[in-house]
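Visitor: Next up, protein.txt (compact mmCIF, C-alpha atoms).
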# COMPACT_ATOMS: atom_id res chain seq x y z
CA MET X 1 -15.90 24.13 -37.25
CA THR X 2 -12.95 26.43 -37.78
CA ALA X 3 -9.32 26.83 -36.96
CA TYR X 4 -8.63 23.93 -34.63
CA LYS X 5 -5.08 24.40 -33.45
CA ARG X 6 -3.57 21.01 -32.76
CA HIS X 7 -0.17 22.45 -31.89
CA VAL X 8 -1.02 24.56 -28.89
CA ASP X 9 1.32 25.50 -26.07
CA THR X 10 0.41 22.77 -23.60
CA LYS X 11 2.26 24.56 -20.78
CA ALA X 12 -0.25 27.43 -21.04
CA ILE X 13 -3.14 25.02 -20.46
CA SER X 14 -3.71 23.84 -16.93
CA ASP X 15 -4.50 20.28 -15.91
CA LEU X 16 -7.84 21.61 -14.70
CA THR X 17 -8.71 22.79 -18.22
CA ILE X 18 -7.98 19.31 -19.56
CA ALA X 19 -9.99 17.69 -16.79
CA ARG X 20 -12.88 20.01 -17.66
CA LEU X 21 -12.65 19.01 -21.34
CA SER X 22 -13.29 15.41 -20.23
CA ILE X 23 -16.31 16.61 -18.26
CA TYR X 24 -17.57 18.57 -21.28
CA LEU X 25 -17.13 15.47 -23.41
CA ARG X 26 -19.25 13.37 -21.01
CA SER X 27 -21.89 16.13 -20.95
CA VAL X 28 -21.96 16.40 -24.74
CA GLU X 29 -22.24 12.62 -25.09
CA ARG X 30 -25.21 12.74 -22.74
CA LEU X 31 -26.83 15.45 -24.91
CA ILE X 32 -26.35 13.25 -27.99
CA GLU X 33 -28.09 10.37 -26.17
CA LEU X 34 -30.95 12.78 -25.39
CA GLY X 35 -31.23 13.79 -29.05
CA VAL X 36 -30.14 17.41 -28.50
CA GLU X 37 -28.64 18.92 -31.68
CA THR X 38 -27.38 22.36 -30.68
CA VAL X 39 -26.42 23.80 -27.33
CA SER X 40 -25.18 27.18 -26.12
CA SER X 41 -22.45 27.42 -23.51
CA GLN X 42 -25.14 28.75 -21.13
CA ASP X 43 -27.38 25.68 -21.76
CA LEU X 44 -24.46 23.34 -21.31
CA ALA X 45 -23.48 25.12 -18.11
CA SER X 46 -26.95 25.11 -16.57
CA ARG X 47 -27.74 21.50 -17.50
CA PHE X 48 -24.53 20.11 -16.04
CA ASN X 49 -23.76 22.64 -13.30
CA LEU X 50 -20.79 24.11 -15.17
CA ASN X 51 -19.61 27.68 -15.79
CA SER X 52 -20.46 29.08 -19.24
CA ALA X 53 -17.64 31.65 -19.34
CA GLN X 54 -15.21 28.91 -18.34
CA ILE X 55 -16.51 26.63 -21.11
CA ARG X 56 -15.97 29.36 -23.73
CA LYS X 57 -12.52 30.17 -22.37
CA ASP X 58 -11.46 26.51 -22.20
CA LEU X 59 -12.55 25.82 -25.79
CA ALA X 60 -11.00 29.08 -27.03
CA TYR X 61 -7.50 27.81 -26.21
CA PHE X 62 -7.89 25.54 -29.20
CA GLY X 63 -9.26 27.93 -31.77
CA GLU X 64 -12.54 29.52 -32.75
CA PHE X 65 -15.55 27.36 -32.29
CA GLY X 66 -19.30 27.83 -32.08
CA VAL X 67 -21.54 30.47 -33.66
CA ARG X 68 -22.37 33.54 -31.58
CA GLY X 69 -26.08 33.55 -30.70
CA VAL X 70 -26.59 30.00 -32.01
CA GLY X 71 -24.22 27.96 -29.91
CA TYR X 72 -22.50 24.69 -30.66
CA ASN X 73 -23.59 21.89 -32.94
CA VAL X 74 -23.47 19.05 -30.40
CA ARG X 75 -21.92 16.41 -32.68
CA GLU X 76 -19.31 18.85 -33.96
CA LEU X 77 -18.53 19.86 -30.40
CA ARG X 78 -18.02 16.21 -29.47
CA GLN X 79 -15.70 15.68 -32.43
CA TYR X 80 -13.83 18.88 -31.59
CA ILE X 81 -13.17 17.78 -27.99
CA VAL X 82 -12.30 14.23 -29.13
CA GLU X 83 -9.65 15.72 -31.43
CA ILE X 84 -8.31 18.09 -28.78
CA LEU X 85 -7.92 15.19 -26.34
CA GLY X 86 -6.45 12.96 -29.04
CA LEU X 87 -9.13 10.31 -28.56
CA ASP X 88 -9.56 9.71 -32.28
CA ARG X 89 -7.07 6.84 -32.30
CA GLU X 90 -6.17 3.83 -30.14
CA ARG X 91 -3.83 4.37 -27.18
CA ARG X 92 -2.18 1.27 -25.76
CA LEU X 93 -1.47 0.81 -22.07
CA VAL X 94 0.73 -1.46 -20.03
CA ILE X 95 -0.05 -2.01 -16.34
CA VAL X 96 2.79 -2.85 -13.94
CA GLY X 97 1.60 -4.37 -10.67
CA ALA X 98 -0.87 -7.26 -10.98
CA GLY X 99 -2.35 -6.93 -7.49
CA ASN X 100 -6.00 -6.14 -6.84
CA LEU X 101 -5.90 -2.63 -8.28
CA GLY X 102 -3.91 -3.56 -11.40
CA THR X 103 -6.18 -6.53 -12.01
CA ALA X 104 -9.27 -4.35 -11.50
CA LEU X 105 -7.99 -1.72 -13.94
CA CYS X 106 -7.15 -4.20 -16.68
CA HIS X 107 -10.86 -4.81 -17.16
CA TYR X 108 -12.13 -1.44 -15.92
CA SER X 109 -14.57 0.14 -18.33
CA GLY X 110 -12.78 2.66 -20.50
CA PHE X 111 -9.31 1.19 -19.90
CA SER X 112 -9.87 -1.67 -22.32
CA GLY X 113 -12.02 -0.91 -25.29
CA GLY X 114 -12.71 2.22 -27.27
CA THR X 115 -9.73 4.57 -27.30
CA PHE X 116 -7.69 2.84 -24.63
CA LEU X 117 -6.50 -0.75 -24.66
CA VAL X 118 -4.52 -2.63 -22.03
CA VAL X 119 -2.03 -4.81 -23.92
CA GLY X 120 0.00 -6.08 -20.97
CA VAL X 121 -0.22 -6.68 -17.24
CA LEU X 122 3.17 -7.22 -15.62
CA ASP X 123 4.41 -8.18 -12.19
CA SER X 124 7.78 -9.03 -10.65
CA ASP X 125 6.33 -11.70 -8.34
CA PRO X 126 7.04 -15.17 -9.83
CA ASN X 127 3.87 -16.46 -8.13
CA ARG X 128 1.74 -14.08 -10.17
CA ILE X 129 3.43 -14.48 -13.56
CA GLY X 130 1.26 -16.62 -15.82
CA ASP X 131 -1.92 -15.96 -13.84
CA PRO X 132 -4.93 -15.20 -16.02
CA THR X 133 -6.59 -11.81 -15.52
CA PRO X 134 -10.36 -11.28 -15.86
CA ALA X 135 -9.67 -9.43 -19.13
CA GLY X 136 -8.07 -12.55 -20.61
CA LEU X 137 -4.42 -11.46 -20.53
CA LEU X 138 -1.84 -13.53 -18.67
CA VAL X 139 0.38 -11.73 -16.16
CA GLU X 140 3.85 -11.32 -17.67
CA ASP X 141 7.29 -10.87 -16.12
CA ALA X 142 8.00 -7.22 -15.27
CA SER X 143 11.57 -7.71 -16.48
CA ARG X 144 10.14 -7.76 -20.01
CA LEU X 145 8.71 -4.21 -19.66
CA ALA X 146 10.96 -2.45 -22.20
CA GLU X 147 10.52 -5.20 -24.79
CA ILE X 148 6.72 -5.24 -24.38
CA ILE X 149 6.50 -1.43 -24.64
CA ARG X 150 8.41 -1.47 -27.93
CA GLN X 151 6.83 -4.54 -29.51
CA ARG X 152 3.23 -3.62 -28.66
CA ASN X 153 3.45 0.12 -29.38
CA VAL X 154 2.57 1.09 -25.83
CA GLU X 155 2.10 4.83 -25.19
CA ILE X 156 0.87 4.93 -21.59
CA GLY X 157 2.27 3.16 -18.54
CA VAL X 158 0.09 2.53 -15.49
CA ILE X 159 1.77 1.94 -12.12
CA THR X 160 -0.20 -0.13 -9.60
CA THR X 161 2.72 -1.45 -7.57
CA PRO X 162 3.21 -1.00 -3.83
CA PRO X 163 4.61 2.48 -3.02
CA GLY X 164 8.18 1.21 -2.58
CA ALA X 165 8.42 -0.04 -6.17
CA ALA X 166 6.74 2.89 -7.92
CA GLN X 167 9.81 5.06 -8.55
CA VAL X 168 11.83 2.18 -10.02
CA VAL X 169 8.97 1.23 -12.34
CA CYS X 170 8.54 4.88 -13.35
CA ASP X 171 12.26 5.09 -14.17
CA GLN X 172 12.04 1.89 -16.22
CA MET X 173 9.00 3.16 -18.12
CA ALA X 174 10.73 6.46 -18.92
CA ALA X 175 13.94 4.66 -19.97
CA ALA X 176 11.89 2.46 -22.29
CA GLY X 177 10.54 5.54 -24.03
CA LEU X 178 7.12 6.09 -22.47
CA ALA X 179 6.25 9.79 -22.28
CA THR X 180 3.04 9.42 -20.25
CA ILE X 181 2.60 7.54 -16.98
CA LEU X 182 -0.41 7.18 -14.72
CA ASN X 183 0.63 6.42 -11.15
CA PHE X 184 -1.85 4.86 -8.72
CA ALA X 185 0.75 4.12 -6.05
CA PRO X 186 0.13 6.46 -3.12
CA ILE X 187 3.50 8.17 -3.45
CA SER X 188 4.84 11.00 -5.54
CA VAL X 189 7.21 9.81 -8.30
CA ARG X 190 9.60 11.88 -10.41
CA ALA X 191 10.25 11.45 -14.11
CA PRO X 192 12.74 13.08 -16.48
CA ASP X 193 11.85 16.23 -18.43
CA GLY X 194 9.48 15.43 -21.27
CA VAL X 195 7.79 12.59 -19.39
CA LEU X 196 4.40 13.37 -17.84
CA VAL X 197 3.50 11.49 -14.67
CA LYS X 198 0.02 11.91 -13.24
CA THR X 199 -0.53 10.54 -9.76
CA VAL X 200 -4.16 9.59 -9.16
CA ASP X 201 -5.44 10.38 -5.69
CA LEU X 202 -8.78 8.68 -5.13
CA LYS X 203 -9.11 10.33 -1.72
CA VAL X 204 -10.21 13.60 -3.37
CA HIS X 205 -13.57 11.98 -4.08
CA LEU X 206 -14.04 11.11 -0.42
CA GLU X 207 -13.11 14.67 0.50
CA GLU X 208 -15.83 15.98 -1.77
CA LEU X 209 -18.38 13.73 -0.04
CA SER X 210 -17.06 14.86 3.33
CA PHE X 211 -17.68 18.47 2.28
CA TYR X 212 -21.26 17.58 1.42
CA ILE X 213 -21.84 15.78 4.74
CA THR X 214 -20.40 18.72 6.66
CA HIS X 215 -22.42 21.41 4.92
CA SER X 216 -25.74 19.60 4.70
CA GLN X 217 -26.00 18.98 8.44
CA MET Y 1 -8.52 33.51 10.61
CA THR Y 2 -11.90 35.19 10.49
CA ALA Y 3 -15.49 34.47 9.71
CA TYR Y 4 -15.47 30.89 8.51
CA LYS Y 5 -18.99 30.18 7.35
CA ARG Y 6 -19.72 26.53 7.92
CA HIS Y 7 -23.31 26.82 6.75
CA VAL Y 8 -22.83 27.90 3.17
CA ASP Y 9 -25.21 27.29 0.30
CA THR Y 10 -23.64 24.15 -1.11
CA LYS Y 11 -25.72 24.41 -4.28
CA ALA Y 12 -23.90 27.65 -5.13
CA ILE Y 13 -20.54 25.89 -4.96
CA SER Y 14 -19.58 23.71 -7.89
CA ASP Y 15 -18.02 20.28 -7.66
CA LEU Y 16 -15.00 21.79 -9.38
CA THR Y 17 -14.52 24.26 -6.51
CA ILE Y 18 -14.56 21.38 -4.04
CA ALA Y 19 -12.13 19.37 -6.18
CA ARG Y 20 -9.84 22.41 -6.25
CA LEU Y 21 -9.99 22.70 -2.44
CA SER Y 22 -8.56 19.16 -2.29
CA ILE Y 23 -5.80 20.25 -4.66
CA TYR Y 24 -5.09 23.33 -2.55
CA LEU Y 25 -4.94 21.13 0.54
CA ARG Y 26 -2.33 18.84 -1.07
CA SER Y 27 -0.35 21.90 -2.17
CA VAL Y 28 -0.48 23.48 1.29
CA GLU Y 29 0.58 20.19 2.90
CA ARG Y 30 3.54 20.13 0.54
CA LEU Y 31 4.47 23.69 1.60
CA ILE Y 32 4.36 22.63 5.25
CA GLU Y 33 6.74 19.75 4.45
CA LEU Y 34 9.04 22.31 2.80
CA GLY Y 35 8.95 24.53 5.88
CA VAL Y 36 7.15 27.42 4.18
CA GLU Y 37 5.24 29.56 6.70
CA THR Y 38 3.31 32.10 4.63
CA VAL Y 39 2.19 32.08 1.03
CA SER Y 40 0.31 34.49 -1.22
CA SER Y 41 -2.30 33.24 -3.64
CA GLN Y 42 0.14 34.22 -6.43
CA ASP Y 43 2.94 32.11 -4.87
CA LEU Y 44 0.62 29.19 -4.38
CA ALA Y 45 -0.60 29.50 -7.96
CA SER Y 46 2.85 29.72 -9.54
CA ARG Y 47 4.35 26.89 -7.46
CA PHE Y 48 1.57 24.44 -8.23
CA ASN Y 49 0.37 25.65 -11.64
CA LEU Y 50 -2.90 27.01 -10.29
CA ASN Y 51 -4.84 30.24 -10.88
CA SER Y 52 -4.44 32.89 -8.16
CA ALA Y 53 -7.75 34.66 -8.82
CA GLN Y 54 -9.49 31.29 -8.73
CA ILE Y 55 -7.84 30.43 -5.40
CA ARG Y 56 -9.05 33.70 -3.85
CA LYS Y 57 -12.54 33.23 -5.29
CA ASP Y 58 -12.79 29.60 -4.14
CA LEU Y 59 -11.72 30.44 -0.58
CA ALA Y 60 -13.97 33.52 -0.46
CA TYR Y 61 -17.08 31.32 -0.66
CA PHE Y 62 -16.33 30.35 2.91
CA GLY Y 63 -15.61 33.72 4.46
CA GLU Y 64 -12.79 36.21 4.72
CA PHE Y 65 -9.36 34.71 4.90
CA GLY Y 66 -5.79 35.87 4.40
CA VAL Y 67 -4.24 39.29 4.90
CA ARG Y 68 -3.98 41.59 1.88
CA GLY Y 69 -0.34 42.08 0.92
CA VAL Y 70 0.86 39.38 3.32
CA GLY Y 71 -0.94 36.30 2.13
CA TYR Y 72 -1.95 33.20 4.02
CA ASN Y 73 -0.38 31.63 7.07
CA VAL Y 74 0.21 28.15 5.65
CA ARG Y 75 -0.83 26.17 8.73
CA GLU Y 76 -3.93 28.29 9.21
CA LEU Y 77 -4.78 27.82 5.55
CA ARG Y 78 -4.47 24.05 5.94
CA GLN Y 79 -6.72 24.09 8.99
CA TYR Y 80 -9.21 26.33 7.18
CA ILE Y 81 -9.47 23.96 4.20
CA VAL Y 82 -9.61 20.91 6.52
CA GLU Y 83 -12.61 22.49 8.28
CA ILE Y 84 -14.31 23.48 5.03
CA LEU Y 85 -13.99 19.91 3.75
CA GLY Y 86 -15.04 18.47 7.11
CA LEU Y 87 -11.85 16.45 7.43
CA ASP Y 88 -11.43 17.27 11.13
CA ARG Y 89 -13.27 14.12 12.22
CA GLU Y 90 -13.43 10.43 11.27
CA ARG Y 91 -15.71 9.42 8.37
CA ARG Y 92 -16.61 5.74 8.18
CA LEU Y 93 -17.06 3.90 4.90
CA VAL Y 94 -18.65 0.66 3.83
CA ILE Y 95 -17.64 -0.95 0.54
CA VAL Y 96 -20.14 -3.13 -1.32
CA GLY Y 97 -18.53 -5.39 -3.93
CA ALA Y 98 -15.52 -7.40 -2.74
CA GLY Y 99 -14.01 -7.99 -6.18
CA ASN Y 100 -10.59 -6.73 -7.18
CA LEU Y 101 -11.49 -3.03 -7.04
CA GLY Y 102 -13.35 -3.23 -3.72
CA THR Y 103 -10.52 -5.28 -2.21
CA ALA Y 104 -7.96 -2.79 -3.55
CA LEU Y 105 -9.84 0.19 -2.12
CA CYS Y 106 -10.24 -1.31 1.34
CA HIS Y 107 -6.51 -0.92 1.85
CA TYR Y 108 -5.94 2.01 -0.50
CA SER Y 109 -3.98 4.81 1.13
CA GLY Y 110 -6.35 7.48 2.36
CA PHE Y 111 -9.39 5.17 2.44
CA SER Y 112 -8.33 3.51 5.67
CA GLY Y 113 -6.53 5.70 8.11
CA GLY Y 114 -6.57 9.39 8.87
CA THR Y 115 -9.98 10.90 8.20
CA PHE Y 116 -11.52 7.96 6.37
CA LEU Y 117 -11.92 4.43 7.67
CA VAL Y 118 -13.35 1.39 5.91
CA VAL Y 119 -15.39 -0.49 8.53
CA GLY Y 120 -17.00 -3.09 6.28
CA VAL Y 121 -16.51 -4.87 2.96
CA LEU Y 122 -19.66 -6.64 1.76
CA ASP Y 123 -20.54 -8.97 -1.08
CA SER Y 124 -23.58 -10.96 -2.11
CA ASP Y 125 -21.52 -13.89 -3.42
CA PRO Y 126 -21.53 -16.72 -0.81
CA ASN Y 127 -18.10 -17.81 -2.09
CA ARG Y 128 -16.60 -14.49 -1.07
CA ILE Y 129 -18.29 -14.05 2.32
CA GLY Y 130 -15.80 -14.75 5.09
CA ASP Y 131 -12.76 -14.18 2.89
CA PRO Y 132 -10.05 -12.09 4.55
CA THR Y 133 -9.13 -8.82 2.87
CA PRO Y 134 -5.58 -7.41 2.87
CA ALA Y 135 -6.78 -4.74 5.32
CA GLY Y 136 -7.73 -7.42 7.86
CA LEU Y 137 -11.52 -7.23 7.52
CA LEU Y 138 -13.53 -10.30 6.59
CA VAL Y 139 -15.98 -9.99 3.70
CA GLU Y 140 -19.52 -9.83 5.11
CA ASP Y 141 -22.92 -10.67 3.64
CA ALA Y 142 -24.36 -7.78 1.61
CA SER Y 143 -27.79 -8.57 3.06
CA ARG Y 144 -26.49 -7.10 6.34
CA LEU Y 145 -25.85 -3.68 4.73
CA ALA Y 146 -28.51 -1.67 6.62
CA GLU Y 147 -27.60 -3.21 9.97
CA ILE Y 148 -23.86 -2.57 9.45
CA ILE Y 149 -24.47 1.04 8.38
CA ARG Y 150 -26.43 1.72 11.57
CA GLN Y 151 -24.30 -0.21 14.03
CA ARG Y 152 -20.95 1.11 12.78
CA ASN Y 153 -22.01 4.72 12.19
CA VAL Y 154 -21.19 4.59 8.48
CA GLU Y 155 -21.51 7.90 6.60
CA ILE Y 156 -20.21 7.02 3.13
CA GLY Y 157 -21.08 4.05 0.91
CA VAL Y 158 -18.70 2.89 -1.81
CA ILE Y 159 -20.08 0.84 -4.71
CA THR Y 160 -17.63 -1.49 -6.44
CA THR Y 161 -20.13 -4.02 -7.78
CA PRO Y 162 -20.58 -4.99 -11.43
CA PRO Y 163 -22.65 -2.39 -13.32
CA GLY Y 164 -25.83 -4.46 -13.16
CA ALA Y 165 -25.93 -4.42 -9.36
CA ALA Y 166 -24.98 -0.78 -8.78
CA GLN Y 167 -28.47 0.75 -8.81
CA VAL Y 168 -29.89 -1.80 -6.38
CA VAL Y 169 -26.98 -1.27 -3.98
CA CYS Y 170 -27.37 2.50 -4.31
CA ASP Y 171 -31.08 2.19 -3.45
CA GLN Y 172 -30.27 0.01 -0.44
CA MET Y 173 -27.64 2.46 0.80
CA ALA Y 174 -30.06 5.40 0.48
CA ALA Y 175 -32.84 3.43 2.20
CA ALA Y 176 -30.46 2.64 5.05
CA GLY Y 177 -29.87 6.35 5.57
CA LEU Y 178 -26.58 7.04 3.80
CA ALA Y 179 -26.50 10.55 2.33
CA THR Y 180 -23.22 10.20 0.42
CA ILE Y 181 -22.28 7.45 -2.03
CA LEU Y 182 -19.17 6.99 -4.15
CA ASN Y 183 -19.89 4.84 -7.19
CA PHE Y 184 -17.04 3.12 -9.04
CA ALA Y 185 -19.32 0.97 -11.19
CA PRO Y 186 -19.13 2.25 -14.77
CA ILE Y 187 -22.78 3.20 -14.91
CA SER Y 188 -24.77 6.21 -13.86
CA VAL Y 189 -26.94 5.58 -10.78
CA ARG Y 190 -29.78 7.69 -9.40
CA ALA Y 191 -30.46 8.44 -5.77
CA PRO Y 192 -33.35 10.19 -4.00
CA ASP Y 193 -33.19 13.93 -3.28
CA GLY Y 194 -30.84 14.68 -0.43
CA VAL Y 195 -28.51 11.81 -1.30
CA LEU Y 196 -25.32 12.71 -3.15
CA VAL Y 197 -23.91 10.09 -5.51
CA LYS Y 198 -20.54 10.72 -7.12
CA THR Y 199 -19.58 8.39 -9.95
CA VAL Y 200 -15.82 8.09 -10.34
CA ASP Y 201 -14.61 7.89 -13.91
CA LEU Y 202 -10.96 6.85 -13.98
CA LYS Y 203 -10.86 7.26 -17.76
CA VAL Y 204 -10.54 11.04 -17.38
CA HIS Y 205 -6.95 10.52 -16.27
CA LEU Y 206 -6.16 8.57 -19.43
CA GLU Y 207 -7.79 11.32 -21.48
CA GLU Y 208 -5.50 13.87 -19.89
CA LEU Y 209 -2.47 11.77 -20.84
CA SER Y 210 -3.85 11.37 -24.34
CA PHE Y 211 -4.07 15.17 -24.61
CA TYR Y 212 -0.41 15.40 -23.63
CA ILE Y 213 0.67 12.76 -26.15
CA THR Y 214 -1.30 14.49 -28.91
CA HIS Y 215 0.06 17.95 -28.25
CA SER Y 216 3.67 17.08 -27.56
CA GLN Y 217 4.19 15.29 -30.84
Show how you would write the structure in this file as structure tokens.
Guide:
Amino acid sequence: MTAYKRHVDTKAISDLTIARLSIYLRSVERLIELGVETVSSQDLASRFNLNSAQIRKDLAYFGEFGVRGVGYNVRELRQYIVEILGLDRERRLVIVGAGNLGTALCHYSGFSGGTFLVVGVLDSDPNRIGDPTPAGLLVEDASRLAEIIRQRNVEIGVITTPPGAAQVVCDQMAAAGLATILNFAPISVRAPDGVLVKTVDLKVHLEELSFYITHSQ
Amino acid sequence: MTAYKRHVDTKAISDLTIARLSIYLRSVERLIELGVETVSSQDLASRFNLNSAQIRKDLAYFGEFGVRGVGYNVRELRQYIVEILGLDRERRLVIVGAGNLGTALCHYSGFSGGTFLVVGVLDSDPNRIGDPTPAGLLVEDASRLAEIIRQRNVEIGVITTPPGAAQVVCDQMAAAGLATILNFAPISVRAPDGVLVKTVDLKVHLEELSFYITHSQ
């Protein structure tokens, strides 16, 4: 493994490249389960319906990797992508909005355990504060957001409020120093420069299925 | 608008192309809100941080579209993508698993209203059957799955059960004739040939944020 550049120009790298790195990581983890030790970008592409030139280009943003004619050592490739994505250390989350979606996410696989860990579930509704969540946390008062972010070393805020509250919560998260926010409220929210907000749109998955229905008939 | 090929070889088109079409659709809808009437692939790419060559390539799978040197008529482009994705008619969903995630999805924006419509929320737990959901449906007995799929013209099944039940529910959905299944259970499920199962992995969004944290420090 050579020349991994941690300090890359993130603006030159599209969200789609990052999303593909997650897909490559899942694919590589599957190869490890299957006992595969080395893989070429062509193998990886054909096994998982990916594009080999795209794989090489995506990985090349981060330095030189792989041996021409031999391919990638699968475990090294996993470690390489883990480092690129910064998954080699714990990242703490706070969820604001303890409704069904927030409650579901606080024990969703991958959100609590491994790299990511939900350390707080907050709500502004007095009737919800103190309620136990399935993950074992008690719902806390949303007015304590800034204090909880600081005290528990939170890096990522997750918004699962109704749409009308999302912008206010986003502003509060940014003011409390969070630089990364995942918004599940079905509304676009704005954050100051230097704060990344990703709005998750689950409808894209239904659109993909709709494409398949349309074109298989 | 010319030569839209509805019957394309879906195997030649990657999931990533379809996911990008959803992104293009959101971008084009935003342009319509802004009153923009025509857009080149370069404009579209620079406004929304996309790749112009990729846009042209993705759209070209489906026929000839756009006028060289002029670009796309924005409303025609929207209609074109809507037709490609098959969003020009209602698609009915059934959700199996009436826990927090299933309950959240049955009133999630975009899952109920517009193209997609949840027409049933099912569970096998007798304590949940009959419970009202926020969307106004009552939870129904999961043993009625096949009957509900047929009677309500369901096209898409959504699995929000615990991991241990996901494969059985997937099998039941396929046996009842569903060709498209969206699986939120954090486990890989298999379906017979001709049935498309998409497993949603919400962790990819956290991984993208982790990338940003890592590279902006």
Visitor: Please identify all polymer residues lying at most 10 Å from the point (-16.2, 5.5, -9.0) (file coordinates), using all atoms listed in the file, and present the result as a list of chain:residue names.
Guide: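 Residues lying no farther than 10 Å from the given point: X:Leu202, X:His205, Y:Leu101, Y:Val158, Y:Ile159, Y:Thr160, Y:Ile181, Y:Leu182, Y:Asn183, Y:Phe184, Y:Ala185, Y:Pro186, Y:Ile187, Y:Ser188, Y:Val197, Y:Lys198, Y:Thr199, Y:Val200, Y:Asp201, Y:Leu202.
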Visitor: Please identify all polymer residues within 10 Å of Y:Thr17, counting only C-alpha atoms, omitting same-chain residues fewer than 6 positions from it, and present them as a VMD selection string.
Guide: (chain X and resid 208) or (chain Y and resid 23 54 to 55 57 to 59 61)
Visitor: List the spatial neighbours of Y:Met173 as a PDB file with C-alpha atoms, in the coordinates of the input - criterion: any atom at most 10 Å away, all atoms listed in the file, same-chain residues fewer than 2 positions off excluded.
Guide:
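Listing of part.pdb after writing:
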ATOM      1  CA  VAL Y  94     -18.650   0.660   3.830  1.00  0.00           C
ATOM      2  CA  VAL Y  96     -20.140  -3.130  -1.320  1.00  0.00           C
ATOM      3  CA  LEU Y 145     -25.850  -3.680   4.730  1.00  0.00           C
ATOM      4  CA  ALA Y 146     -28.510  -1.670   6.620  1.00  0.00           C
ATOM      5  CA  ILE Y 149     -24.470   1.040   8.380  1.00  0.00           C
ATOM      6  CA  ILE Y 156     -20.210   7.020   3.130  1.00  0.00           C
ATOM      7  CA  GLY Y 157     -21.080   4.050   0.910  1.00  0.00           C
ATOM      8  CA  VAL Y 158     -18.700   2.890  -1.810  1.00  0.00           C
ATOM      9  CA  ILE Y 159     -20.080   0.840  -4.710  1.00  0.00           C
ATOM     10  CA  GLN Y 167     -28.470   0.750  -8.810  1.00  0.00           C
ATOM     11  CA  VAL Y 168     -29.890  -1.800  -6.380  1.00  0.00           C
ATOM     12  CA  VAL Y 169     -26.980  -1.270  -3.980  1.00  0.00           C
ATOM     13  CA  CYS Y 170     -27.370   2.500  -4.310  1.00  0.00           C
ATOM     14  CA  ASP Y 171     -31.080   2.190  -3.450  1.00  0.00           C
ATOM     15  CA  ALA Y 175     -32.840   3.430   2.200  1.00  0.00           C
ATOM     16  CA  ALA Y 176     -30.460   2.640   5.050  1.00  0.00           C
ATOM     17  CA  GLY Y 177     -29.870   6.350   5.570  1.00  0.00           C
ATOM     18  CA  LEU Y 178     -26.580   7.040   3.800  1.00  0.00           C
ATOM     19  CA  ALA Y 179     -26.500  10.550   2.330  1.00  0.00           C
ATOM     20  CA  THR Y 180     -23.220  10.200   0.420  1.00  0.00           C
ATOM     21  CA  ILE Y 181     -22.280   7.450  -2.030  1.00  0.00           C
ATOM     22  CA  ALA Y 191     -30.460   8.440  -5.770  1.00  0.00           C
ATOM     23  CA  VAL Y 195     -28.510  11.810  -1.300  1.00  0.00           C
TER      24      VAL Y 195
END
Visitor: Tell me, as a VMD selection string, which residues lie within 7 Å of stretch 107-110 of chain X, counting only C-alpha atoms; anything in the same chain fewer than 4 positions away does not count.
Guide: (chain X and resid 114 116 134 to 135) or (chain Y and resid 186 203)
Visitor: Just checking: using all atoms listed in the file, which residue out of X:Leu34, X:Ile13, X:Arg47, X:Glu140 ends up closest to chain Y?
Guide: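 Under the stated criterion, the closest residue is X:Ile13.
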Visitor: Select, from Y:Ser112, Y:Gln42, Y:Asn49, Y:Thr133, the residue with the minimum atom-to-atom distance to chain X, counting all atoms listed in the file.
Guide: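 Result for the nearest residue to chain X: Y:Asn49.
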Visitor: Starting from chain Y, keep only residues with some atom at most 7 Å from an atom of chain X, counting all atoms listed in the file, and report them as a count of residues only.
Guide: 31
Visitor: Rounded to one decimal in Å, what is the spacing between atom CA of X:Gln151 and atom CA of X:Val189?
Guide: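 Between atom CA of X:Gln151 and atom CA of X:Val189 the gap is 25.6 Å.
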Visitor: Atom CA of Y:Gly130 and atom CA of Y:Thr161, how far apart in Å?
Guide: 17.3 Å
Visitor: Go ahead and compute the interatomic distance for atom CA of X:Pro192 and atom CA of X:Gln172, in Å to one decimal.
Guide: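 Calculated distance between atom CA of X:Pro192 and atom CA of X:Gln172 is 11.2 Å.
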Visitor: Pick from X:Ile129, X:Val67, X:Ile81, X:Leu117: nearest to X:Val28, with only C-alpha atoms counted?
Guide: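 Of X:Ile129, X:Val67, X:Ile81, X:Leu117, the one nearest X:Val28, counting only C-alpha atoms, is X:Ile81.
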